[in-house]
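Peer 1: Here you go, run-v1.cif (mmCIF, C-alpha atoms):
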data_final
loop_
_atom_site.label_atom_id
_atom_site.label_comp_id
_atom_site.auth_asym_id
_atom_site.auth_seq_id
_atom_site.Cartn_x
_atom_site.Cartn_y
_atom_site.Cartn_z
CA MET A 245 9.88 4.72 -19.80
CA ARG A 246 12.39 2.61 -17.90
CA LEU A 247 14.88 5.50 -17.96
CA LEU A 248 12.25 7.80 -16.46
CA ALA A 249 11.60 5.26 -13.72
CA LEU A 250 15.31 5.03 -12.90
CA LEU A 251 15.58 8.82 -12.87
CA PHE A 252 12.62 9.06 -10.50
CA LEU A 253 14.12 6.53 -8.13
CA SER A 254 17.52 8.20 -8.23
CA LEU A 255 15.90 11.52 -7.28
CA LEU A 256 14.12 9.84 -4.38
CA LEU A 257 17.36 8.30 -3.18
CA ALA A 258 19.12 11.66 -3.35
CA GLY A 259 16.74 12.97 -0.69
CA SER A 260 16.73 9.88 1.49
CA ALA A 261 18.46 8.98 4.72
CA VAL A 262 19.54 5.70 6.29
CA SER A 263 17.81 4.85 9.58
CA GLY A 264 19.09 2.84 12.51
CA THR A 265 17.28 -0.24 11.19
CA GLY A 266 19.29 -0.26 7.96
CA SER A 267 16.31 0.97 5.96
CA ARG A 268 16.43 4.12 3.91
CA ARG A 269 13.81 6.81 4.58
CA VAL A 270 12.40 8.46 1.46
CA VAL A 271 10.04 11.45 1.41
CA LEU A 272 7.43 10.82 -1.28
CA GLY A 273 5.52 14.07 -0.90
CA ARG A 274 3.20 16.01 1.37
CA SER A 275 -0.47 15.65 2.17
CA LEU A 276 -3.05 18.40 1.68
CA GLU A 277 -2.32 19.70 5.19
CA GLY A 278 1.43 19.46 4.70
CA ARG A 279 2.23 16.22 6.50
CA THR A 280 4.98 14.11 4.98
CA VAL A 281 4.19 10.86 3.22
CA ILE A 282 7.26 8.68 3.62
CA ALA A 283 8.54 5.29 2.53
CA TYR A 284 11.28 3.03 3.83
CA ARG A 285 13.41 0.98 1.44
CA LEU A 286 15.06 -2.28 2.42
CA GLY A 287 17.16 -4.53 0.24
CA ASP A 288 19.02 -4.34 -3.04
CA PRO A 289 17.94 -1.43 -5.29
CA ALA A 290 19.21 -3.40 -8.31
CA SER A 291 16.78 -6.26 -7.68
CA PRO A 292 14.11 -6.47 -10.39
CA ARG A 293 11.62 -7.71 -7.81
CA LYS A 294 10.03 -4.81 -5.94
CA VAL A 295 7.40 -5.30 -3.25
CA LEU A 296 5.34 -2.39 -1.92
CA VAL A 297 3.41 -2.54 1.36
CA VAL A 298 1.06 0.22 2.58
CA GLY A 299 0.09 0.22 6.24
CA CYS A 300 -2.75 2.75 6.28
CA LEU A 301 -4.94 4.29 3.56
CA HIS A 302 -8.12 4.98 5.53
CA GLY A 303 -7.27 7.16 8.50
CA ASN A 304 -9.39 5.12 10.91
CA GLU A 305 -7.93 1.77 9.76
CA CYS A 306 -4.28 2.04 10.67
CA ALA A 307 -3.41 -1.21 12.50
CA GLY A 308 -1.17 -2.10 9.56
CA ILE A 309 1.39 0.52 10.58
CA ALA A 310 2.56 -1.79 13.39
CA ILE A 311 3.21 -4.53 10.82
CA LEU A 312 5.39 -2.20 8.76
CA ASP A 313 7.30 -1.16 11.87
CA ARG A 314 7.95 -4.85 12.53
CA LEU A 315 9.04 -5.40 8.92
CA ARG A 316 11.56 -2.57 9.19
CA ARG A 317 13.11 -4.17 12.26
CA MET A 318 13.26 -7.57 10.54
CA GLY A 319 15.40 -6.21 7.71
CA ALA A 320 15.76 -7.00 4.03
CA VAL A 321 14.28 -9.96 2.13
CA ALA A 322 16.76 -11.82 -0.10
CA GLY A 323 16.30 -11.09 -3.80
CA THR A 324 13.74 -8.34 -3.20
CA GLU A 325 13.69 -4.61 -2.68
CA LEU A 326 10.98 -3.93 -0.12
CA TRP A 327 9.25 -0.54 -0.02
CA LEU A 328 7.20 0.24 3.09
CA VAL A 329 4.75 3.17 3.21
CA PRO A 330 3.44 3.26 6.78
CA ASP A 331 0.79 5.95 6.27
CA ALA A 332 -0.57 7.03 2.88
CA ASN A 333 -3.22 9.27 4.49
CA PRO A 334 -1.58 11.12 7.36
CA ASP A 335 -4.26 13.84 7.54
CA GLY A 336 -7.05 11.30 7.91
CA HIS A 337 -4.99 9.38 10.46
CA ALA A 338 -4.45 12.53 12.52
CA ALA A 339 -8.19 13.26 12.43
CA GLY A 340 -9.27 9.64 12.93
CA THR A 341 -11.39 9.76 9.77
CA ARG A 342 -11.75 7.38 6.84
CA GLY A 343 -11.14 10.09 4.27
CA ASN A 344 -8.43 12.69 3.84
CA ALA A 345 -8.61 16.36 4.89
CA ARG A 346 -11.29 16.98 2.26
CA GLY A 347 -13.31 13.95 3.32
CA VAL A 348 -12.37 11.99 0.19
CA ASP A 349 -12.21 8.21 0.44
CA LEU A 350 -8.85 7.70 -1.23
CA ASN A 351 -9.76 4.11 -2.09
CA ARG A 352 -12.52 5.45 -4.35
CA ASN A 353 -10.37 8.19 -5.87
CA PHE A 354 -8.07 6.19 -8.17
CA PRO A 355 -8.82 6.51 -11.90
CA TRP A 356 -9.74 2.88 -12.57
CA ARG A 357 -13.54 2.83 -13.13
CA TRP A 358 -13.86 6.02 -11.08
CA ARG A 359 -17.35 7.41 -10.68
CA PRO A 360 -18.84 10.09 -8.43
CA LEU A 361 -19.85 8.80 -5.01
CA GLY A 362 -21.03 10.61 -1.92
CA GLY A 363 -21.27 10.04 1.80
CA ALA A 364 -18.65 7.95 3.57
CA TYR A 365 -17.33 6.81 0.17
CA TYR A 366 -17.06 10.30 -1.33
CA SER A 367 -14.82 9.77 -4.35
CA GLY A 368 -13.66 13.35 -4.82
CA ALA A 369 -14.15 15.97 -7.49
CA GLY A 370 -12.67 13.70 -10.14
CA PRO A 371 -10.33 10.75 -10.67
CA ALA A 372 -7.02 11.24 -8.83
CA SER A 373 -8.18 14.63 -7.58
CA GLU A 374 -6.35 14.16 -4.28
CA ARG A 375 -2.69 14.80 -3.61
CA GLU A 376 -2.31 11.61 -1.58
CA THR A 377 -3.74 9.53 -4.43
CA ARG A 378 -1.31 11.07 -6.90
CA ILE A 379 1.65 10.43 -4.57
CA ALA A 380 0.74 6.73 -4.44
CA MET A 381 0.18 6.55 -8.20
CA THR A 382 3.53 8.17 -8.96
CA LEU A 383 5.37 5.72 -6.73
CA ILE A 384 3.59 2.69 -8.17
CA ARG A 385 4.13 3.75 -11.78
CA ARG A 386 7.83 4.38 -11.24
CA LEU A 387 8.50 1.43 -8.94
CA HIS A 388 6.42 -1.09 -10.93
CA PRO A 389 6.10 -3.41 -7.90
CA THR A 390 5.70 -7.11 -8.54
CA VAL A 391 3.48 -7.32 -5.45
CA THR A 392 1.61 -4.55 -3.63
CA ILE A 393 -0.17 -5.18 -0.32
CA TRP A 394 -2.63 -2.65 1.11
CA PHE A 395 -3.65 -3.13 4.75
CA HIS A 396 -7.21 -2.21 5.73
CA GLN A 397 -9.68 -3.15 8.48
CA HIS A 398 -11.97 -4.72 9.79
CA LEU A 399 -13.14 -7.71 7.73
CA ASN A 400 -10.41 -10.14 8.83
CA MET A 401 -9.78 -11.54 5.34
CA VAL A 402 -7.63 -11.37 2.23
CA VAL A 403 -9.62 -9.74 -0.56
CA LEU A 404 -8.79 -11.60 -3.75
CA THR A 405 -8.08 -9.66 -6.93
CA SER A 406 -7.25 -10.36 -10.56
CA GLY A 407 -3.56 -10.83 -9.76
CA ASN A 408 -1.69 -13.97 -8.73
CA LEU A 409 -4.33 -15.92 -6.82
CA GLY A 410 -1.86 -18.52 -5.59
CA LEU A 411 0.26 -15.84 -3.93
CA GLN A 412 -2.79 -14.20 -2.35
CA ARG A 413 -4.11 -17.51 -1.02
CA ARG A 414 -0.65 -18.35 0.33
CA PHE A 415 -0.59 -15.07 2.22
CA ALA A 416 -4.04 -15.81 3.66
CA HIS A 417 -2.91 -19.26 4.81
CA LEU A 418 0.26 -17.94 6.45
CA ALA A 419 -1.61 -15.07 8.11
CA GLY A 420 -4.45 -17.26 9.35
CA LEU A 421 -7.09 -15.39 7.36
CA ARG A 422 -9.88 -16.51 5.09
CA ALA A 423 -9.62 -15.49 1.44
CA GLY A 424 -12.61 -14.33 -0.57
CA TRP A 425 -14.04 -11.90 -3.07
CA LEU A 426 -15.75 -8.55 -2.52
CA PRO A 427 -17.68 -6.55 -5.13
CA SER A 428 -15.55 -4.73 -7.69
CA TYR A 429 -15.72 -1.25 -6.20
CA PRO A 430 -14.92 1.77 -8.39
CA GLY A 431 -11.78 3.83 -7.95
CA THR A 432 -9.78 1.40 -5.82
CA ALA A 433 -6.01 1.39 -5.52
CA THR A 434 -5.75 -2.33 -6.25
CA GLY A 435 -8.04 -2.15 -9.28
CA TRP A 436 -6.03 0.70 -10.75
CA SER A 437 -2.68 -0.94 -9.99
CA ASN A 438 -3.61 -4.32 -11.49
CA ALA A 439 -5.10 -2.67 -14.59
CA THR A 440 -2.16 -0.30 -15.05
CA LEU A 441 0.60 -2.87 -14.49
CA PRO A 442 -0.45 -6.16 -16.12
CA GLY A 443 1.35 -9.19 -14.71
CA THR A 444 1.67 -7.68 -11.22
CA THR A 445 -0.41 -8.39 -8.13
CA ALA A 446 -1.98 -5.79 -5.85
CA PHE A 447 -4.35 -7.01 -3.15
CA VAL A 448 -5.97 -5.95 0.12
CA VAL A 449 -5.45 -7.54 3.51
CA GLU A 450 -8.36 -6.71 5.81
CA LEU A 451 -7.06 -6.93 9.36
CA PRO A 452 -9.32 -7.54 12.38
CA ALA A 453 -10.70 -4.59 14.29
CA GLY A 454 -8.60 -2.81 16.89
CA ARG A 455 -4.89 -2.97 17.59
CA LEU A 456 -2.94 -6.07 16.74
CA SER A 457 -1.28 -8.10 19.45
CA PRO A 458 2.50 -8.52 19.17
CA ARG A 459 1.94 -12.14 18.14
CA ALA A 460 -0.50 -11.20 15.38
CA THR A 461 1.80 -8.41 14.21
CA ALA A 462 4.66 -10.88 13.89
CA ARG A 463 2.47 -13.38 12.03
CA PHE A 464 1.41 -10.81 9.43
CA ALA A 465 4.96 -9.54 9.02
CA HIS A 466 6.24 -13.07 8.39
CA ALA A 467 3.49 -13.59 5.81
CA VAL A 468 4.57 -10.41 3.99
CA ARG A 469 8.17 -11.58 3.94
CA ALA A 470 7.20 -15.04 2.69
CA VAL A 471 5.30 -13.74 -0.35
CA SER A 472 7.85 -10.99 -0.94
CA GLY A 473 10.49 -13.59 -1.64
CA SER A 474 8.29 -15.75 -3.86
CA GLY A 475 9.16 -16.28 -7.48
#
How does this structure look as structure tokens?
Peer 2:
Amino acid sequence: MRLLALLFLSLLLAGSAVSGTGSRRVVLGRSLEGRTVIAYRLGDPASPRKVLVVGCLHGNECAGIAILDRLRRMGAVAGTELWLVPDANPDGHAAGTRGNARGVDLNRNFPWRWRPLGGAYYSGAGPASERETRIAMTLIRRLHPTVTIWFHQHLNMVVLTSGNLGLQRRFAHLAGLRAGWLPSYPGTATGWSNATLPGTTAFVVELPAGRLSPRATARFAHAVRAVSGSG
């Protein structure tokens, strides 16, 4: 399994390019409408500690992209390879909609406890039915990130999960957010990630509504870096 992961990463690197910020741009795949889903890598590929940060999953909750842009400019974190995915739902972002091009709420489409849902939380035709979901799952399985942070809006809180609670509460303190629990929704990215990769921590950061100020953007970026370098 580890050999397959290394092969996957080597194939990604073969199609990547170094940007002016020192990060390496990697094309992960394409959305239903053909838009690229990309990641940026910063740091030592040989580091066993991988941290994944996703700026936007719901197309109308994309304030986190500014945080990832700031993280790219800040550079690598010692002892960590940082993977930044600015936009995991480019079709929804382009349309300004929560779901993807088929109206699927990608955060109800992951296989963990998936069940059929309709309306704004339409969970798709089946678990992992959507291309964007499968792109994220493939990356997470192969990367095996120690920490994964998904930015959402608009609850202004860190949503605690079954992972490392101390790390999540530290992030909340550094970011100036409250930390608390929400119901265990079906088909979420964090639920699937934590269940699939025991011993790792995936959690949601609910940003406030609207665009972030430069000061807030910097505060969240520093919080990401602080927990990325934690043991």
Peer 1: Just to confirm, what's the straight-line distance from atom CA of Val297 of chain A to atom CA of Ile393 of chain A in Å (one decimal)?
Peer 2: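 Straight-line distance from atom CA of Val297 of chain A to atom CA of Ile393 of chain A works out to 4.8 Å.
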Peer 1: Go through the shown structure with the PyMOL selection byres ((chain A and resi 310) around 9) and write out the matching residues as a VMD selection string.
Peer 2: chain A and resid 299 306 to 309 311 to 315 330 455 to 456 458 461
Peer 1: Expanded to explicit residues, what is the PyMOL selection byres ((chain A and resi 294) around 8) for this file, as a short mmCIF file (atom, residue, chain, number, x, y, z; two decimals) with C-alpha atoms, keeping the file's coordinate frame?
Peer 2:
data_model
loop_
_atom_site.label_atom_id
_atom_site.label_comp_id
_atom_site.auth_asym_id
_atom_site.auth_seq_id
_atom_site.Cartn_x
_atom_site.Cartn_y
_atom_site.Cartn_z
CA SER A 291 16.78 -6.26 -7.68
CA PRO A 292 14.11 -6.47 -10.39
CA ARG A 293 11.62 -7.71 -7.81
CA VAL A 295 7.40 -5.30 -3.25
CA LEU A 296 5.34 -2.39 -1.92
CA THR A 324 13.74 -8.34 -3.20
CA GLU A 325 13.69 -4.61 -2.68
CA LEU A 326 10.98 -3.93 -0.12
CA TRP A 327 9.25 -0.54 -0.02
CA LEU A 387 8.50 1.43 -8.94
CA HIS A 388 6.42 -1.09 -10.93
CA PRO A 389 6.10 -3.41 -7.90
CA THR A 390 5.70 -7.11 -8.54
CA VAL A 391 3.48 -7.32 -5.45
#
Peer 1: I'd like the residues picked by the PyMOL selection byres ((chain A and resi 277) around 9) written out as a list in words, using the chain letters and numbers from the file.
Peer 2: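 With the shown file as input, the PyMOL selection byres ((chain A and resi 277) around 9) matches Arg274, Ser275, Leu276, Gly278, Arg279, Pro334, Asp335 and Ala345 of chain A.
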Peer 1: Please measure the separation of atom CA of Thr280 of chain A and atom CA of Thr444 of chain A, giving the value in Å to one decimal.
Peer 2: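 Between these atoms lies a distance of 27.4 Å.
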Peer 1: Between atom CA of Val281 of chain A and atom CA of His396 of chain A, measure the distance and give it in Å to one decimal.
Peer 2: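 Distance reported for this atom pair: 17.5 Å.
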Peer 1: Can you tell me, as a compact mmCIF listing (two decimals) with C-alpha atoms, keeping the file's coordinate frame, what residues are no more than 9 Å from Ala380 of chain A when counting all atoms listed in the file, ignoring any on the same chain fewer than 6 positions away?
Peer 2:
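The resulting file, result23.txt, is reproduced below:
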# COMPACT_ATOMS: atom_id res chain seq x y z
CA LEU A 272 7.43 10.82 -1.28
CA ALA A 332 -0.57 7.03 2.88
CA ALA A 433 -6.01 1.39 -5.52
Peer 1: Excluding Arg469 of chain A and residues on its chain fewer than 3 positions from it, collect all residues at most 9 Å away from it, counting only C-alpha atoms, and give them as an MDAnalysis selection string.
Peer 2: chainID A and resid 315 320:321 464:466 472:474
Peer 1: With only C-alpha atoms as the basis for distance, which of A:Gly347, A:Pro360, A:Pro371, A:Pro430 is at the shortest distance from Asn333 of chain A?
Peer 2: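 Of all the options, A:Gly347 lies closest to Asn333 of chain A.
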Peer 1: I'd like the neighbourhood of Trp358 of chain A as JSON, numbers by chain, where a residue qualifies if any of its atoms comes within 10 Å (using all atoms listed in the file), though same-chain residues fewer than 4 positions away should be ignored.
Peer 2: {"A": [352, 353, 354, 367, 368, 370, 371, 372, 429, 430, 431, 432, 436]}
Peer 1: So that I can see what lies close to Ser267 of chain A, please list as an MDAnalysis selection string the residues with an atom at most 7 Å from it, counting only C-alpha atoms and leaving out residues fewer than 6 positions away in the same chain.
Peer 2: chainID A and resid 284:286 316
Peer 1: Pick out the residues sitting within 12 Å of Arg422 of chain A, and hand them over as a PyMOL selection string; count all atoms listed in the file, and ignore anything fewer than 6 positions along from it in its own chain.
Peer 2: chain A and resi 399-404+412-416+449-452
Peer 1: Which residue out of A:Val270, A:Phe447, A:Ala462, A:Thr392 has the minimum interatomic distance to Arg317 of chain A when all atoms listed in the file are used?
Peer 2: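 Once distances to Arg317 of chain A are computed over all atoms listed in the file, the minimum belongs to A:Ala462.
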Peer 1: Closest to Leu411 of chain A among A:Val271, A:Leu328, A:Met318, A:Ala446, using all atoms listed in the file?
Peer 2: A:Ala446
Peer 1: Between A:Gly420, A:Ser428, A:Leu441, A:Asp331, single out the one closest to Gly407 of chain A, counting only C-alpha atoms.
Peer 2: A:Leu441
